[in-house]
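A.B. asks: Next comes the structure file model08.cif, holding mmCIF, C-alpha atoms.
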data_protein
loop_
_atom_site.label_atom_id
_atom_site.label_comp_id
_atom_site.auth_asym_id
_atom_site.auth_seq_id
_atom_site.Cartn_x
_atom_site.Cartn_y
_atom_site.Cartn_z
CA MET A 1 -7.50 15.98 -18.88
CA ARG A 2 -7.37 19.74 -18.34
CA SER A 3 -3.80 20.94 -18.10
CA MET A 4 -2.81 24.21 -16.43
CA ASN A 5 -3.41 26.97 -18.96
CA GLY A 6 -3.85 30.68 -19.55
CA ASP A 7 -7.21 30.73 -17.81
CA ASP A 8 -5.48 29.68 -14.60
CA VAL A 9 -2.96 32.50 -14.93
CA ASN A 10 -5.68 35.07 -15.61
CA GLY A 11 -7.76 33.74 -12.74
CA ALA A 12 -4.86 33.99 -10.32
CA VAL A 13 -4.09 37.55 -11.43
CA ALA A 14 -7.74 38.58 -11.14
CA GLY A 15 -7.77 37.32 -7.55
CA CYS A 16 -4.59 39.25 -6.83
CA LEU A 17 -6.01 42.51 -8.19
CA ALA A 18 -9.26 42.11 -6.26
CA ALA A 19 -7.34 41.50 -3.03
CA LEU A 20 -4.97 44.46 -3.42
CA ARG A 21 -7.32 47.16 -4.75
CA PRO A 22 -8.66 48.13 -1.29
CA ALA A 23 -5.11 49.26 -0.35
CA VAL A 24 -4.25 51.03 -3.61
CA ASP A 25 -4.03 54.46 -1.87
CA ARG A 26 -1.54 53.31 0.79
CA ASP A 27 2.25 53.64 0.65
CA TRP A 28 3.36 50.15 -0.36
CA THR A 29 7.04 51.05 -0.01
CA ALA A 30 6.52 51.47 3.74
CA VAL A 31 4.97 48.02 4.27
CA PRO A 32 7.00 44.76 4.34
CA ALA A 33 5.44 41.95 2.31
CA GLY A 34 4.70 39.34 4.96
CA GLY A 35 7.85 37.47 5.94
CA LEU A 36 9.85 38.72 2.94
CA GLU A 37 12.65 41.26 3.06
CA TRP A 38 10.95 43.16 0.23
CA ASP A 39 8.29 45.84 0.64
CA CYS A 40 4.92 45.39 -1.07
CA ARG A 41 5.78 47.57 -4.06
CA THR A 42 9.01 45.67 -4.73
CA THR A 43 7.10 42.41 -4.43
CA ALA A 44 4.44 43.52 -6.93
CA VAL A 45 7.14 44.50 -9.43
CA HIS A 46 8.87 41.15 -8.86
CA VAL A 47 5.67 39.26 -9.71
CA ALA A 48 5.14 41.26 -12.89
CA ASP A 49 8.77 40.76 -13.88
CA ASP A 50 8.48 37.00 -13.41
CA LEU A 51 5.25 36.82 -15.42
CA VAL A 52 6.72 38.64 -18.41
CA ALA A 53 10.01 36.73 -18.10
CA TYR A 54 8.17 33.40 -18.22
CA ALA A 55 6.17 34.57 -21.23
CA SER A 56 9.30 35.77 -23.00
CA ASN A 57 11.23 32.56 -22.41
CA LEU A 58 8.35 30.48 -23.72
CA VAL A 59 7.78 32.63 -26.80
CA ALA A 60 11.51 32.90 -27.61
CA ARG A 61 12.09 29.18 -26.87
CA ALA A 62 15.02 30.24 -24.66
CA GLN A 63 17.29 27.27 -23.96
CA ASP A 64 20.28 28.34 -21.88
CA ALA A 65 19.27 31.48 -19.95
CA TYR A 66 16.48 33.97 -19.41
CA VAL A 67 15.78 36.42 -22.22
CA PRO A 68 18.12 39.30 -21.21
CA PHE A 69 15.87 42.11 -20.03
CA GLU A 70 14.19 43.24 -16.83
CA LEU A 71 10.85 44.94 -16.27
CA THR A 72 11.08 48.41 -14.69
CA PRO A 73 7.93 50.49 -14.12
CA ASP A 74 7.99 54.09 -15.25
CA GLU A 75 9.17 56.60 -12.69
CA GLY A 76 6.19 57.91 -10.78
CA ALA A 77 3.99 54.87 -11.50
CA GLY A 78 1.55 54.47 -8.61
CA ASN A 79 -0.05 51.42 -7.08
CA ALA A 80 -2.97 51.51 -9.50
CA ASP A 81 -0.46 51.54 -12.34
CA LEU A 82 1.30 48.51 -10.83
CA LEU A 83 -1.98 46.62 -10.77
CA GLN A 84 -2.38 47.41 -14.46
CA VAL A 85 1.15 46.12 -15.09
CA LEU A 86 0.27 42.90 -13.24
CA GLU A 87 -2.86 42.49 -15.33
CA ALA A 88 -0.93 43.07 -18.56
CA THR A 89 1.97 40.77 -17.77
CA GLY A 90 -0.42 38.08 -16.59
CA GLY A 91 -2.27 38.35 -19.88
CA LEU A 92 0.99 38.06 -21.81
CA LEU A 93 1.92 34.85 -20.00
CA ALA A 94 -1.60 33.45 -20.47
CA ALA A 95 -1.40 34.12 -24.21
CA ALA A 96 2.09 32.62 -24.47
CA VAL A 97 0.96 29.47 -22.67
CA ASP A 98 -2.19 29.02 -24.73
CA THR A 99 -0.44 29.50 -28.08
CA ALA A 100 2.66 27.38 -27.39
CA PRO A 101 2.70 23.94 -29.09
CA PRO A 102 2.33 20.99 -26.67
CA GLY A 103 5.92 19.72 -26.83
CA VAL A 104 7.72 23.05 -26.54
CA ARG A 105 10.05 23.54 -23.59
CA ALA A 106 12.02 26.63 -22.64
CA TYR A 107 14.59 27.60 -20.06
CA HIS A 108 13.93 27.66 -16.36
CA ASN A 109 16.89 27.16 -14.09
CA TYR A 110 15.52 24.78 -11.44
CA PRO A 111 15.79 21.89 -11.15
CA TYR A 112 16.24 20.37 -14.62
CA GLY A 113 16.80 23.43 -16.80
CA SER A 114 13.46 23.66 -18.63
CA ALA A 115 9.68 23.76 -18.34
CA ASP A 116 6.81 23.09 -20.72
CA ARG A 117 3.80 25.34 -21.26
CA ALA A 118 1.89 23.84 -18.32
CA GLY A 119 4.97 24.29 -16.14
CA PHE A 120 5.22 27.98 -17.03
CA ALA A 121 1.51 28.42 -16.31
CA ALA A 122 1.92 26.71 -12.95
CA MET A 123 4.98 28.81 -12.06
CA GLY A 124 3.13 31.99 -12.97
CA VAL A 125 0.16 31.00 -10.84
CA ALA A 126 2.46 30.07 -7.95
CA GLU A 127 4.23 33.45 -8.10
CA VAL A 128 0.90 35.28 -8.06
CA LEU A 129 -0.73 33.24 -5.31
CA LEU A 130 2.23 33.19 -2.94
CA HIS A 131 3.26 36.80 -3.32
CA THR A 132 -0.32 38.04 -3.14
CA HIS A 133 -0.40 36.23 0.19
CA ASP A 134 2.80 38.02 1.22
CA MET A 135 1.49 41.46 0.23
CA THR A 136 -1.93 41.02 1.81
CA GLN A 137 -0.28 39.79 4.98
CA GLY A 138 1.73 43.01 5.16
CA LEU A 139 -1.22 45.22 4.25
CA GLY A 140 -3.62 43.46 6.60
CA LEU A 141 -6.01 42.40 3.85
CA PRO A 142 -7.95 39.12 3.55
CA TYR A 143 -6.89 36.71 0.83
CA GLU A 144 -7.41 33.07 0.00
CA PRO A 145 -7.28 31.74 -3.57
CA SER A 146 -9.48 28.96 -4.84
CA ALA A 147 -8.65 25.47 -3.62
CA ASP A 148 -8.52 24.32 -7.26
CA LEU A 149 -5.71 26.74 -8.10
CA ALA A 150 -3.72 25.83 -5.00
CA GLU A 151 -4.16 22.11 -5.65
CA SER A 152 -3.12 22.52 -9.28
CA VAL A 153 0.11 24.24 -8.24
CA LEU A 154 0.84 21.40 -5.82
CA THR A 155 0.18 18.59 -8.30
CA TRP A 156 2.14 20.26 -11.13
CA LEU A 157 5.08 21.80 -9.24
CA PHE A 158 5.34 20.05 -5.87
CA PRO A 159 5.25 16.31 -6.68
CA HIS A 160 7.61 15.68 -3.76
CA VAL A 161 5.18 17.18 -1.22
CA GLN A 162 2.60 14.93 0.42
CA PRO A 163 -0.91 16.38 0.04
CA GLY A 164 -2.35 17.86 3.21
CA PRO A 165 -5.94 18.15 4.45
CA GLU A 166 -6.49 21.34 2.39
CA PRO A 167 -4.50 22.57 -0.65
CA TRP A 168 -3.95 26.23 0.28
CA PRO A 169 -2.55 25.65 3.79
CA THR A 170 -0.40 22.83 2.32
CA LEU A 171 1.02 25.15 -0.33
CA LEU A 172 1.75 27.82 2.29
CA TRP A 173 3.49 25.21 4.45
CA ALA A 174 5.46 23.79 1.52
CA THR A 175 6.84 27.26 0.75
CA GLY A 176 7.77 28.16 4.32
CA ARG A 177 4.78 30.41 4.89
CA GLY A 178 2.76 28.49 7.42
CA GLU A 179 2.39 25.60 9.82
CA LEU A 180 0.85 22.22 9.12
CA PRO A 181 -0.09 19.92 12.01
CA GLY A 182 2.26 16.97 12.32
CA ARG A 183 4.91 18.37 9.97
CA ALA A 184 8.10 20.26 10.70
CA ARG A 185 8.26 23.84 9.48
CA VAL A 186 9.82 24.28 6.04
CA THR A 187 12.88 26.56 5.94
CA GLU A 188 14.16 25.82 2.42
CA TRP A 189 12.11 24.87 -0.61
CA ARG A 190 12.03 24.66 -4.39
CA TRP A 191 9.34 23.70 -6.80
CA ARG A 192 10.06 21.05 -9.44
CA ASN A 193 9.17 21.02 -13.09
CA ASN A 194 9.13 17.58 -14.66
CA LEU A 195 12.30 15.90 -15.84
CA VAL A 196 12.73 15.15 -19.55
CA ILE A 197 15.47 12.89 -20.91
CA PRO A 198 16.17 12.87 -24.68
CA THR A 199 16.80 9.66 -26.62
CA GLU A 200 17.74 9.33 -30.28
CA ARG A 201 14.18 9.53 -31.60
CA CYS A 202 12.07 10.20 -28.51
CA THR A 203 11.84 12.18 -25.30
CA LEU A 204 11.25 10.50 -21.95
CA THR A 205 8.81 12.96 -20.41
CA GLY A 206 8.31 12.82 -16.65
CA ILE A 207 4.69 12.24 -15.67
CA ARG A 208 3.43 14.55 -12.90
CA PRO A 209 0.89 13.56 -10.22
CA ALA A 210 -1.93 15.43 -11.97
CA GLU A 211 -1.24 13.54 -15.20
CA ALA A 212 -0.79 10.23 -13.40
CA HIS A 213 -4.13 10.66 -11.65
CA ASP A 214 -5.84 11.10 -15.01
CA LEU A 215 -4.04 8.09 -16.49
CA ARG A 216 -5.03 5.94 -13.54
CA LEU A 217 -8.68 6.84 -14.13
CA GLY A 218 -8.48 5.81 -17.78
CA GLY A 219 -7.68 9.21 -19.32
CA ASP A 220 -4.84 10.15 -21.63
CA GLY A 221 -2.85 12.15 -19.05
CA GLY A 222 -2.62 15.00 -21.53
CA PHE A 223 -0.61 12.93 -24.02
CA ASP A 224 -1.50 12.08 -27.62
CA TRP A 225 -1.19 8.29 -27.58
CA LEU A 226 -0.40 6.25 -30.66
CA GLY A 227 -3.34 3.90 -30.99
CA GLY A 228 -5.59 6.21 -28.98
CA GLU A 229 -4.80 5.13 -25.43
CA PRO A 230 -1.92 4.03 -23.19
CA TYR A 231 -1.13 0.39 -22.58
CA THR A 232 -2.36 -1.19 -19.36
CA GLY A 233 1.10 -1.24 -17.78
CA THR A 234 1.43 2.53 -18.07
CA GLN A 235 -1.94 2.99 -16.38
CA GLN A 236 -0.90 0.68 -13.56
CA ALA A 237 2.43 2.47 -13.14
CA ALA A 238 0.56 5.78 -12.96
CA GLY A 239 -1.54 4.35 -10.16
CA PHE A 240 1.58 3.42 -8.19
CA LEU A 241 2.94 6.95 -8.74
CA VAL A 242 -0.26 8.47 -7.34
CA LYS A 243 -0.09 6.21 -4.27
CA ALA A 244 3.52 7.21 -3.66
CA TYR A 245 2.60 10.89 -4.03
CA GLN A 246 -0.28 10.58 -1.61
CA ALA A 247 2.00 8.81 0.88
CA GLY A 248 4.67 11.50 0.58
CA VAL A 249 7.38 9.13 -0.69
CA HIS A 250 7.34 10.03 -4.39
CA ARG A 251 10.71 11.08 -5.82
CA PRO A 252 9.93 12.60 -9.23
CA GLU A 253 13.31 11.76 -10.77
CA PHE A 254 12.57 8.09 -10.05
CA GLY A 255 9.02 8.18 -11.30
CA VAL A 256 7.29 7.25 -14.56
CA PHE A 257 8.03 8.69 -18.00
CA ALA A 258 5.99 8.79 -21.18
CA VAL A 259 7.97 7.78 -24.27
CA VAL A 260 7.10 10.60 -26.68
CA ARG A 261 8.19 10.33 -30.31
CA ASN A 262 9.86 13.53 -31.49
CA GLU A 263 8.72 13.41 -35.11
CA ASP A 264 5.01 13.68 -34.32
CA GLY A 265 4.63 14.17 -30.56
CA ARG A 266 2.80 10.85 -30.15
CA ALA A 267 3.23 8.94 -26.88
CA LEU A 268 4.34 5.37 -27.60
CA GLY A 269 4.41 3.90 -24.11
CA GLY A 270 5.68 4.29 -20.58
CA ILE A 271 8.92 3.54 -18.76
CA GLY A 272 9.96 4.19 -15.21
CA PHE A 273 11.27 3.09 -11.87
CA HIS A 274 9.44 0.96 -9.36
CA SER A 275 10.88 3.09 -6.55
CA ALA A 276 13.88 5.19 -5.55
CA PRO A 277 17.23 3.40 -5.06
CA ASP A 278 17.46 1.07 -2.07
CA GLU A 279 20.30 1.10 0.46
CA GLU A 280 22.47 -0.93 -1.88
CA GLY A 281 21.95 1.44 -4.80
CA ARG A 282 19.59 -0.82 -6.73
CA VAL A 283 16.65 0.37 -8.82
CA GLU A 284 14.21 -1.61 -10.92
CA ILE A 285 12.82 -0.41 -14.25
CA GLY A 286 9.59 -1.44 -15.93
CA TYR A 287 8.37 -0.47 -19.40
CA ASP A 288 5.75 -1.10 -22.04
CA LEU A 289 4.80 0.14 -25.50
CA VAL A 290 1.48 0.31 -27.29
CA GLU A 291 1.23 -2.49 -29.85
CA GLU A 292 1.58 -0.16 -32.85
CA ALA A 293 5.04 0.98 -31.67
CA ARG A 294 6.60 -2.43 -31.04
CA GLY A 295 9.33 -4.00 -33.10
CA GLN A 296 10.91 -0.69 -34.11
CA GLY A 297 13.62 -0.37 -31.45
CA TYR A 298 11.84 2.22 -29.33
CA ALA A 299 11.83 0.06 -26.18
CA THR A 300 15.56 -0.64 -26.48
CA GLU A 301 16.28 3.05 -27.05
CA ALA A 302 14.20 4.15 -24.05
CA LEU A 303 15.56 1.43 -21.76
CA ARG A 304 19.18 2.09 -22.67
CA THR A 305 18.80 5.85 -22.17
CA LEU A 306 17.01 5.66 -18.82
CA THR A 307 19.44 3.03 -17.55
CA GLU A 308 22.47 5.12 -18.49
CA TRP A 309 20.88 8.19 -16.87
CA ALA A 310 20.36 6.23 -13.65
CA LEU A 311 23.83 4.67 -13.57
CA ALA A 312 25.42 8.10 -14.02
CA ARG A 313 24.03 9.08 -10.60
CA GLU A 314 26.00 8.54 -7.41
CA ASP A 315 23.06 6.83 -5.68
CA VAL A 316 22.59 4.07 -8.28
CA ASP A 317 24.94 1.11 -8.75
CA VAL A 318 22.69 -1.55 -10.27
CA VAL A 319 19.61 -1.44 -12.50
CA LEU A 320 17.30 -4.46 -12.41
CA LEU A 321 14.72 -5.86 -14.81
CA ALA A 322 12.26 -8.60 -13.94
CA ILE A 323 11.09 -10.32 -17.15
CA GLU A 324 8.76 -13.27 -17.62
CA HIS A 325 10.58 -16.42 -18.69
CA GLY A 326 8.47 -16.70 -21.82
CA ASN A 327 8.76 -13.06 -22.87
CA THR A 328 11.55 -13.48 -25.40
CA ALA A 329 10.88 -10.10 -27.04
CA SER A 330 11.52 -8.25 -23.78
CA GLN A 331 14.56 -10.41 -23.11
CA ARG A 332 16.00 -9.32 -26.46
CA VAL A 333 15.31 -5.69 -25.57
CA ALA A 334 17.22 -6.17 -22.31
CA ALA A 335 20.16 -7.76 -24.07
CA ARG A 336 20.36 -4.98 -26.66
CA ALA A 337 20.28 -2.43 -23.82
CA GLY A 338 23.30 -4.07 -22.17
CA PHE A 339 21.62 -6.21 -19.49
CA VAL A 340 22.80 -9.69 -18.56
CA ARG A 341 20.95 -12.52 -16.85
CA ALA A 342 21.47 -12.67 -13.11
CA THR A 343 23.11 -15.66 -11.46
CA VAL A 344 21.00 -18.28 -9.74
CA GLU A 345 22.09 -16.91 -6.36
CA GLU A 346 21.21 -13.32 -7.33
CA GLU A 347 17.78 -14.43 -8.50
CA ARG A 348 17.21 -16.40 -5.31
CA THR A 349 18.14 -13.34 -3.23
CA ALA A 350 15.85 -11.12 -5.30
CA HIS A 351 12.94 -13.50 -4.81
CA ASP A 352 13.54 -13.55 -1.05
CA GLU A 353 14.05 -9.81 -0.60
CA HIS A 354 11.54 -8.40 -3.08
CA ASP A 355 8.86 -11.09 -3.18
CA MET A 356 9.55 -11.44 -6.90
CA GLU A 357 7.16 -13.72 -8.74
CA THR A 358 8.49 -17.18 -9.53
CA GLY A 359 7.72 -16.79 -13.25
CA LEU A 360 10.14 -13.91 -13.64
CA GLY A 361 13.81 -13.86 -14.50
CA LEU A 362 16.20 -11.20 -13.22
CA TYR A 363 18.42 -9.14 -15.51
CA LEU A 364 21.11 -6.72 -14.35
CA ARG A 365 23.16 -3.85 -15.60
CA ARG A 366 25.87 -2.43 -13.32
CA SER A 367 27.68 0.87 -13.25
#
Kindly return the structure encoded in the file as structure tokens.
C.D. replies:
Amino acid sequence: MRSMNGDDVNGAVAGCLAALRPAVDRDWTAVPAGGLEWDCRTTAVHVADDLVAYASNLVARAQDAYVPFELTPDEGAGNADLLQVLEATGGLLAAAVDTAPPGVRAYHNYPYGSADRAGFAAMGVAEVLLHTHDMTQGLGLPYEPSADLAESVLTWLFPHVQPGPEPWPTLLWATGRGELPGRARVTEWRWRNNLVIPTERCTLTGIRPAEAHDLRLGGDGGFDWLGGEPYTGTQQAAGFLVKAYQAGVHRPEFGVFAVVRNEDGRALGGIGFHSAPDEEGRVEIGYDLVEEARGQGYATEALRTLTEWALAREDVDVVLLAIEHGNTASQRVAARAGFVRATVEEERTAHDEHDMETGLGLYLRRS
């Protein structure tokens, strides 16, 4: 699949420059940027500062905070100079994204403390698209980015937002900049990079809707799979994730994760939740590994880590596994991860409430 990359950043910046050039001779300090409290000049500087900050964090592999500097244009720099600064800082971010190794993550404060190279590309594109909208609104200029760019931002950074009829109006609505028929106006918003959870030898890497869509169609989702392709269960789980995203009920923290081995960056399998916690604080986990990765403790490691992550939350009290009666290997994984077999009554209740297949046994781990 094609991930978000430097070409996307450069394309977004090129659209920004083309939209703003007709107003280069106007006083941008006298014009508010759309619904923002900033004027158009301050907004342009903000975009450039974000672009170079993202590039710097990615290049420096910053882990706990932004690289400590701030972009300040030279005194007397005019609007044409600001456009040049935007072009330069966009190019820096594009280069940083395209030269970063696939598994590298660097600091970004919300919501999970880091982003990968595709996440930084998506954030840069989002900053450019949204604030170009703000500035052109204030300056009375036409502007609409490509639907592909807007859709990419949504599928990489807004996995919690149900897709709308068209990507650009949906992105404007999701960021409090517009109306969408049938939906309440947004007053507070945040984008979301994917969650990653470290294990002893691997990283559980949250799969985003764009990646899940590719996996569902038989692609690799942007991962380097041991054995050349994901196991069937991971593809099926990706399909369920896409359906939840399209229905507007996807909660990314309770989605699907690729099990990525740290030593070589190879994806070994998938693990994730069937849904968000129910009213009683119960979640169910499913997992699989490609055949070449089995028998080496990776499933136990991933299951134990994800279970402990879930049980540390206030909204989860019980983690469930449904395992075929004859699948002794998976039963051993469950036992090593701290699960115990449910009682007959608990299994009967699970079958009644969740339409659980009769050939499955229920295993529990409680907080």
A.B. asks: Given the file above and the PyMOL selection byres ((chain A and resi 314) around 12), which residues are selected, and can you give them as an MDAnalysis selection string?
C.D. replies: chainID A and resid 277 280:282 309:313 315:318 367
A.B. asks: Give me the result of the PyMOL selection byres ((chain A and resi 226-237) around 7) on this file, residue by residue, as an MDAnalysis selection string.
C.D. replies: chainID A and resid 215:216 220 224:225 238:241 256 266:270 288:290 292
A.B. asks: Given the PyMOL selection byres ((chain A and resi 286) around 6) and the file above, list the residues it selects as a PyMOL selection string.
C.D. replies: chain A and resi 271-272+285+287
A.B. asks: Can you pull out the residues contacting region 293-300 of chain A? Cut-off 7 Å, using all atoms listed in the file, and skip same-chain residues under 5 positions away; I want them as a list in words.
C.D. replies: Leu268, Val333, Arg336 and Ala337 of chain A
A.B. asks: Extract, using all atoms listed in the file, all DNA, RNA and protein residues at most 8 Å from His160 (chain A), discarding same-chain residues fewer than 3 positions from it, and format them as a ChimeraX atom specification.
C.D. replies: /A:245,248-252
A.B. asks: Can you measure CA of Ala276 (chain A) to CA of Gln162 (chain A) for me? One decimal in Å is fine.
C.D. replies: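 For CA of Ala276 (chain A) relative to CA of Gln162 (chain A), the distance reads 16.1 Å.
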A.B. asks: Return the single residue from A:Pro68, A:Gly359, A:Gly326, A:Gly140 that is closest to Val31 (chain A), with distances computed using all atoms listed in the file.
C.D. replies: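 The shortest atom-to-atom distance to Val31 (chain A) comes from A:Gly140.
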A.B. asks: Which of these residues is nearest to Glu301 (chain A), using only C-alpha atoms: A:Val59, A:Ala147, A:Leu204, A:Val319?
C.D. replies: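 Closest candidate: A:Leu204.
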A.B. asks: By how many Å are CA of Gly338 (chain A) and CA of His325 (chain A) apart?
C.D. replies: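 Pair CA of Gly338 (chain A) / CA of His325 (chain A) returns 18.1 Å.
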A.B. asks: Please compute the CA of Pro73 (chain A)-CA of Ala115 (chain A) distance, one decimal, in Å.
C.D. replies: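 Atom-to-atom, CA of Pro73 (chain A) to CA of Ala115 (chain A), that is 27.1 Å.
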A.B. asks: From the set A:Val128, A:Ala88, A:Ala210, A:Ala322, which residue has the shortest atom-to-atom contact distance to Glu144 (chain A), counting all atoms listed in the file?
C.D. replies: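 Going through A:Val128, A:Ala88, A:Ala210, A:Ala322 one by one, the smallest distance to Glu144 (chain A) is for A:Val128.
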A.B. asks: Pick the closest to Arg105 (chain A) from A:Asp64, A:Glu127, A:Asp27, A:Asp74: which is it, counting all atoms listed in the file?
C.D. replies: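 For Arg105 (chain A), the nearest of the candidates is A:Asp64.
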A.B. asks: Find the residues near Gly91 (chain A): any atom within 8 Å, counting all atoms listed in the file, skip ones fewer than 4 places away on the same chain, and give them as a VMD selection string.
C.D. replies: chain A and resid 6 9 to 10 87 95
A.B. asks: May I ask which of the residues A:Ala80, A:Ala106, A:Leu306, A:Val67 is the closest one to Asp25 (chain A), counting all atoms listed in the file?
C.D. replies: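 Among A:Ala80, A:Ala106, A:Leu306, A:Val67, it is A:Ala80 that comes nearest to Asp25 (chain A).
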A.B. asks: Using all atoms listed in the file, which residue out of A:Pro198, A:Pro167, A:Gly90, A:Pro142 lies closest to Val260 (chain A)?
C.D. replies: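 Closest to Val260 (chain A) of all the choices is A:Pro198.
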